[in-house]
Amino acid sequence: MTQRFLDRLLTPRSVAVFGASDQPARVGTTVWRNLVAGGFKGPVAPVNPRLRALDGQRCYGDAAELPFTPDLAVLCTPPDTIAPLVAQLGALGTRAAIVVTAGLTPQQKQAALDAARPHTLRLLGPNCIGLLSPHIGLNASFTQASALPGELALVSQSGALLTALLDWANAEHIGFSHLVSLGEHADVDFGDLLDHLATDRHTRAILLYIESITSPRKFMSAARAAARTKPVIVVKAGRVPAGMKAAASHTGALAGEDIVFDAAIRRAGMLRVDTLKDLFIAAQTLARFRDNHSRELMVMTNGGGAGVMVADAAAPLGVTLARPGEALMQQLDAVLPASWSHGNPIDIIGDAPAQRYVDTLTALFKAPEAGALLFVHAPTAIVASETIAGACAPLIAAHPGRVLSCWLGGDTVAPARRLFEAAGIAGYETPEEAVRAFSLMQTYRSNQVALRQTPTASANAEPDRTSARRIVDAALSAGREWLDEVDAKALLAAYGIPVVATLRVPPTPQAAADAARRIDGPVALKVVSPAILHKSDAGGVRLDLRGEAAVRVAAEEMLAHLQAVRPEASIEGFSVQAMAQRPHAQELIVGAHVDPIFGPVLLFGQGGTAVEVLGDRAVALPPLNRTLARELVSRTRVARLLAGYRDRPPAHLDALCDALIAVAQLLADLPELAELDINPLWADEHGVMALDARVRLSAAAPSGVARFAVRPYPAELARTLQWCGHPVQMRPIRPEDEAQHRAFLESADPEDLRMRFFQAPHALSHEDLARLTQIDYEREMAFIVVDAQVPGAPRTLGVARLVRDPDNVEAEFAVMVRSDLKGQGLGRLLMQALLDYAATRGTQRIVGHVLRENHEMLGLARALGFEIRADRHEPADVVFVSRQIPASG
């Protein structure tokens with residue numbers, strides 16, 4: 001329903017338990033006793049009409065008898081009582097309820113939602129364990145134990161796993177800010193909690209256990225916003241599906257549910273881990289190494305075998321061991337025996353005294369190539385592990401965020417582990433676990449970089465949407481689900497993807513021979529049949545045919561063969577195409593598919609007839625830009641071949657990326673596109689070329705912008721306006737505008753920057769500009785006015801920004817124009833654009849915070865009908881402006 005009132009759910013001031021009981025083994029009994037025992041400081045009350053008192057407290061018969069209106073109600077009553085209770089509590093002013101009760105029918109769940117909606121009462125559950133907020137002593141659950149306070153928030157779809165994780169975390173002394181069991185998430189879902197926890201000051205990292213996603217665009221917007229502020233780490237159940245339905249296209253077979261979920265996690269900048277233990281390992285590692293951006297690992301050990309274990313663990317995870325530089329080698333030669341390993345891992349020899357450890361660490365901390373160091377120690381009888389730990393801990397603690405440690409062994413090294421733990425040094429049980437932790441950190445960094453990386457502009461021309469629409473409409477009108485090869489290639493050509501010249505002819509050998517005569521050079525002959533999708537498998541492809549006679553014979557043989565093996569297939573004709581000569585070309589596949597959860601997805605990988613056997617593929621969510629397309633390509637093995645080898649020059653990667661971007665645009669523009677395969681797509685140093693393609697359509701329109709999990713760039717909002725007698729372009733900002741936006745801000749008067757950002761200007765980092773240019777169009781909008789008539793690069797003249805809350809109730813604005821253009825109506829033009837946009841999006845109110853001395857902005861706000869008042873929550877020099885937005889249309 002809304003993101004509002006989640007504070008009443010997670011940090012309530014008062015709690016009532018409905019169905020609280022004194023009967024053993026009852027859920028209501030456990031919930032009530034957990035609440036009382038947890039140390040919650042606010043008022044609590046049990047509600048049960050059967051009891052007058054419970055555990056020494058008065059027990060109330062119903063909600064009307066309560067001496068206070070509870071912020072939070074915990075419902076442990078029969079299913080048929082839930083909706084009436086929700087209605088009664090909503091009328092009293094309660095704004096959050098946990099529905100612990102299981103067994104609600106779909107009708108009963110809907111009745112509860114209908115009862116909650118008029119009061120904006122938030123429902124957690126049903127069929128959930130409840131929640132814990134240890135920092136306020138709240139245990140509103142039937143877990144078997146309370147949680148330690150800490151800075152990790154855990155949200156789980158599985159109640160059983162939440163209790164197991166809680167038990168394990170208590171044993172490991174790991175604390176939480178919140179633990180939430182979602183249950184059937186009829187109302188409160190992952191998106192709601194991500195939005196809330198992203199700004200929760202008690203939460204440093206967010207851990208998710210996910211079984212399914214029901215609102216993908218909401219989830220992606222919330223996840224992307226949260227991942228920009230703190231680590232979000234995910235375990236997803238169902239990595240290996242029980243089975244996969246037969247798919248008509250290669251893309252459908254290759255783009256399974258789990259790989260799509262992986263793509264969504266990566267796109268949002270989150271980190272996915274495989275095990276519940278990795279969930280906590282990743283959280284602890286990211287907390288301690290948040291500012292460490294080292295890409296290579298240095299290893300220090302007192303045993304060669306331990307070093308080998310590290311190297312063996314690193315290789316399959318793609319972790320690179322750092323190469324010691326000449327300066328470091330000289331320093332190590334000075335403090336280590338001559339028999340030391342002279343490489344990484346750095347083996348300081350098993351007889352090392354404590355001072356040798358200290359001297360080695362001192363040298364390593366001075367070396368830039370040792371930015372991330374793994375300390376591995378195996379116990380010996382020569383020097384006690386505790387002695388070594390006591391000598392090393394102060395030195396390592398003085399360099400926080402650089403050392404991962406592993407004390408091999410059990411009781412013998414336990415005191416050493418405790419010393420390191422007390423010093424705040426990250427510890428791992430095995431070398432493999434430590435390397436795994438470093439690998440997870442690398443993956444997280446990579447996802448975060450991709451989230452903020454500035455793309456270059458695509459070279460794609462505006463597509464011929466009219467021709468594409470004509471092809472689709474004609475096929476659907478004729479009742480055809482699959483486009484034939486000629487139409488499929490024409491569709492690709494309309495979006496700028498190069499295709500090999502192809503002729504379609506009737507299904508006679510002579511017609512095929514006549515077509516070959518019109519093409520200069522050898523040709524390929526392919527059958528055209530809606531019943532034969534994989535033509536090579538059916539014997540419906542002949543290549544490198546030279547001359548009319550060869551084509552005629554091949555056509556005769558093909559018709560005879562198909563009549564024998566596929567007699568039911570209707571043969572509509574042949575396609576005859578020139579045999580392209582690209583000796584350095586690599587066969588690729590580019591495809592599109594509609595995932596049942598995340599909607600349209602793109603696939604890229606190694607192509608050819610063995611595409612499914614090779615299984616070399618990666619998927620991504622559209623829309624794409626060149627940065628995202630390059631990242632997609634990089635996740636495949638064929639990427640190394642595209643980089644060039646031996647006598648093969650590197651492929652034209654920008655052309656390949658632009659082809660991927662074009663397919664993403666196809667998915668946005670043509671909702672009827674259900675599946676697409678370009679296989680093979682050739683790529684070489686000259687560019688790309690589609691040799692074969694198949695496209696499946698559906699009148700149900702499964703694709704299109706509405707199904708995208710990430711809202712694409714709203715190009716339809718761009719327009720040309722008249723300002724001061726000459727035309728300017730107003731359009732939404734793009735990630736590619738970073739350099740242009742930097743120039744705009746750096747040219748501004750310092751006083752104008754202070755008026756806009758409420759602080760003295762400072763040097764703009766890439767991260768600053770990424771936040772301003774890489775926006776989520778589902779929740780934000782930034783219009784820029786560009787003067788494109790000036791020779792050279794376009795210049796930004798002004799910008800107006802709108803950030804909506806997750807409920808689309810309120811949106812905060814900001815506006816700024818170039819310092820030398822103030823007072824010429826540009827600010828009003830931009831503000832009106834924001835007001836119009838907010839009305840079309842259904843936003844109820846626009847608000848802003850303006851410095852009291854910013855008379856120009858306050859005058860514009862008054863002229864546009866904004867109410868201006870002081871805000872007791874803001875400093876005295878800031879005023880609050882707001883305006884209601886009438887519904888559009």
# chains A, B, ... in the order shown; residues from 1 in each chain; ligands from 1
>>> select_by_dssp(residues="segment 300-546 of chain A", states="strand (DSSP E or B)", output="PyMOL selection string")
chain A and resi 300-301+320-321+346-347+373-377+403-407+426-427+482-483+499+502-505+523-528+541-545
>>> closest_residue(among="A:Thr301, A:Ser467, A:Ser477, A:Asn48", to="Asp347 of chain A", atoms="only C-alpha atoms")
A:Thr301
>>> closest_atom_pairs(of="segment 18-56 of chain A", to="segment 139-162 of chain A", cutoff="8 Å", atoms="only C-alpha atoms", output="tab-separated table")
residue	atom	partner	partner_atom	distance
A:Val27	CA	A:Phe142	CA	6.5
A:Thr30	CA	A:Phe142	CA	5.3
A:Val31	CA	A:Phe142	CA	4.9
A:Trp32	CA	A:Ala140	CA	7.8
A:Asn34	CA	A:Asn139	CA	5.7
A:Leu35	CA	A:Asn139	CA	5.0
A:Gly38	CA	A:Asn139	CA	5.6
A:Phe40	CA	A:Asn139	CA	7.8
>>> write_last_selection(atoms="all heavy atoms", output="mmCIF file, in the first residue's frame")
data_model
loop_
_atom_site.group_PDB
_atom_site.id
_atom_site.type_symbol
_atom_site.label_atom_id
_atom_site.label_comp_id
_atom_site.auth_asym_id
_atom_site.auth_seq_id
_atom_site.Cartn_x
_atom_site.Cartn_y
_atom_site.Cartn_z
ATOM 1 N N VAL A 27 0.982 -20.116 20.372
ATOM 2 C CA VAL A 27 1.746 -19.008 19.791
ATOM 3 C C VAL A 27 1.533 -17.737 20.588
ATOM 4 O O VAL A 27 2.475 -16.993 20.890
ATOM 5 C CB VAL A 27 1.357 -18.799 18.311
ATOM 6 C CG1 VAL A 27 1.946 -17.493 17.784
ATOM 7 C CG2 VAL A 27 1.849 -19.967 17.459
ATOM 8 N N THR A 30 3.727 -17.607 23.706
ATOM 9 C CA THR A 30 5.143 -17.320 23.445
ATOM 10 C C THR A 30 5.351 -15.866 23.048
ATOM 11 O O THR A 30 6.298 -15.211 23.509
ATOM 12 C CB THR A 30 5.676 -18.253 22.343
ATOM 13 O OG1 THR A 30 5.430 -19.607 22.721
ATOM 14 C CG2 THR A 30 7.158 -18.048 22.125
ATOM 15 N N VAL A 31 4.495 -15.340 22.198
ATOM 16 C CA VAL A 31 4.636 -13.946 21.768
ATOM 17 C C VAL A 31 4.542 -13.007 22.966
ATOM 18 O O VAL A 31 5.350 -12.081 23.128
ATOM 19 C CB VAL A 31 3.577 -13.593 20.705
ATOM 20 C CG1 VAL A 31 3.562 -12.085 20.442
ATOM 21 C CG2 VAL A 31 3.829 -14.342 19.410
ATOM 22 N N TRP A 32 3.563 -13.238 23.819
ATOM 23 C CA TRP A 32 3.378 -12.360 24.980
ATOM 24 C C TRP A 32 4.587 -12.436 25.915
ATOM 25 O O TRP A 32 5.108 -11.407 26.353
ATOM 26 C CB TRP A 32 2.093 -12.726 25.718
ATOM 27 C CG TRP A 32 1.972 -12.049 27.053
ATOM 28 C CD1 TRP A 32 2.052 -12.622 28.278
ATOM 29 C CD2 TRP A 32 1.790 -10.644 27.285
ATOM 30 N NE1 TRP A 32 1.934 -11.675 29.271
ATOM 31 C CE2 TRP A 32 1.764 -10.449 28.679
ATOM 32 C CE3 TRP A 32 1.657 -9.547 26.446
ATOM 33 C CZ2 TRP A 32 1.604 -9.199 29.267
ATOM 34 C CZ3 TRP A 32 1.496 -8.288 27.032
ATOM 35 C CH2 TRP A 32 1.460 -8.124 28.415
ATOM 36 N N ASN A 34 7.667 -13.393 25.236
ATOM 37 C CA ASN A 34 8.841 -12.784 24.600
ATOM 38 C C ASN A 34 8.795 -11.270 24.696
ATOM 39 O O ASN A 34 9.814 -10.617 24.936
ATOM 40 C CB ASN A 34 8.915 -13.198 23.135
ATOM 41 C CG ASN A 34 9.533 -14.560 22.935
ATOM 42 O OD1 ASN A 34 10.083 -15.144 23.863
ATOM 43 N ND2 ASN A 34 9.438 -15.089 21.717
ATOM 44 N N LEU A 35 7.605 -10.698 24.504
ATOM 45 C CA LEU A 35 7.463 -9.247 24.563
ATOM 46 C C LEU A 35 7.782 -8.727 25.962
ATOM 47 O O LEU A 35 8.521 -7.740 26.130
ATOM 48 C CB LEU A 35 6.037 -8.849 24.160
ATOM 49 C CG LEU A 35 5.707 -7.355 24.224
ATOM 50 C CD1 LEU A 35 6.560 -6.570 23.225
ATOM 51 C CD2 LEU A 35 4.227 -7.119 23.940
ATOM 52 N N GLY A 38 11.567 -9.154 26.845
ATOM 53 C CA GLY A 38 12.550 -8.500 25.996
ATOM 54 C C GLY A 38 13.088 -7.195 26.521
ATOM 55 O O GLY A 38 14.093 -6.693 26.034
ATOM 56 N N PHE A 40 11.206 -4.280 26.591
ATOM 57 C CA PHE A 40 10.579 -3.139 25.904
ATOM 58 C C PHE A 40 10.090 -2.130 26.946
ATOM 59 O O PHE A 40 9.432 -2.499 27.929
ATOM 60 C CB PHE A 40 9.427 -3.644 25.050
ATOM 61 C CG PHE A 40 8.713 -2.574 24.276
ATOM 62 C CD1 PHE A 40 9.335 -1.901 23.249
ATOM 63 C CD2 PHE A 40 7.397 -2.236 24.583
ATOM 64 C CE1 PHE A 40 8.684 -0.916 22.532
ATOM 65 C CE2 PHE A 40 6.725 -1.255 23.870
ATOM 66 C CZ PHE A 40 7.375 -0.591 22.840
#
>>> residues_around(residues="Gly125 of chain A", least_positions_apart="5", cutoff="7 Å", atoms="only C-alpha atoms", output="NGL selection string")
:A and (98-100 or 182-186)
>>> residues_around(residues="Leu632 of chain A", least_positions_apart="3", cutoff="12 Å", atoms="only C-alpha atoms", output="ChimeraX atom specification")
/A:262-263,266-267,447,450,590,601-605,616-622,624-629,635-639,653,656-657,660-661
>>> residues_around(residues="Ala102 of chain A", least_positions_apart="4", cutoff="12 Å", atoms="only C-alpha atoms", output="JSON, numbers by chain")
{"A": [27, 75, 76, 77, 78, 79, 80, 82, 98, 106, 108, 109, 125, 126, 127, 128, 129, 130, 159, 183, 184]}
>>> atom_distance(atom1="atom CA of Ala437 of chain A", atom2="atom CA of Leu361 of chain A")
21.0 Å
>>> residues_around(residues="Pro671 of chain A", least_positions_apart="6", cutoff="9 Å", atoms="only C-alpha atoms", output="list in words")
Leu697, Ser698, Ala699, Ala700, Ala701, Pro702, Ser703, Gly704, Val705, Ala706 and Arg707 of chain A
>>> closest_residue(among="A:Met300, A:Ala338, A:Met309, A:Ile388", to="Pro353 of chain A", atoms="only C-alpha atoms")
A:Ile388
>>> select_by_dssp(residues="segment 318-463 of chain A", states="alpha helix (DSSP H)", output="NGL selection string")
:A and (326-335 or 354-366 or 385-397 or 414-422 or 431-452)
>>> atom_distance(atom1="atom CA of Gln832 of chain A", atom2="atom CA of Leu864 of chain A")
8.2 Å
>>> closest_residue(among="A:Ala264, A:Ala389, A:Ala372, A:Leu124", to="Arg417 of chain A", atoms="only C-alpha atoms")
A:Ala389
>>> closest_residue(among="A:Val449, A:Leu72, A:Val500, A:Ala205", to="His766 of chain A", atoms="only C-alpha atoms")
A:Val449
>>> residues_around(residues="Asn302 of chain A", least_positions_apart="3", cutoff="10 Å", atoms="only C-alpha atoms", output="VMD selection string")
chain A and resid 305 to 307 340 345 to 352 357 375 to 380
>>> closest_residue(among="A:Glu778, A:Glu568, A:Asp487, A:Asp692", to="Lys535 of chain A", atoms="only C-alpha atoms")
A:Asp692
>>> closest_residue(among="A:His342, A:Pro49, A:Arg828, A:Ser882", to="Ala863 of chain A", atoms="only C-alpha atoms")
A:Arg828
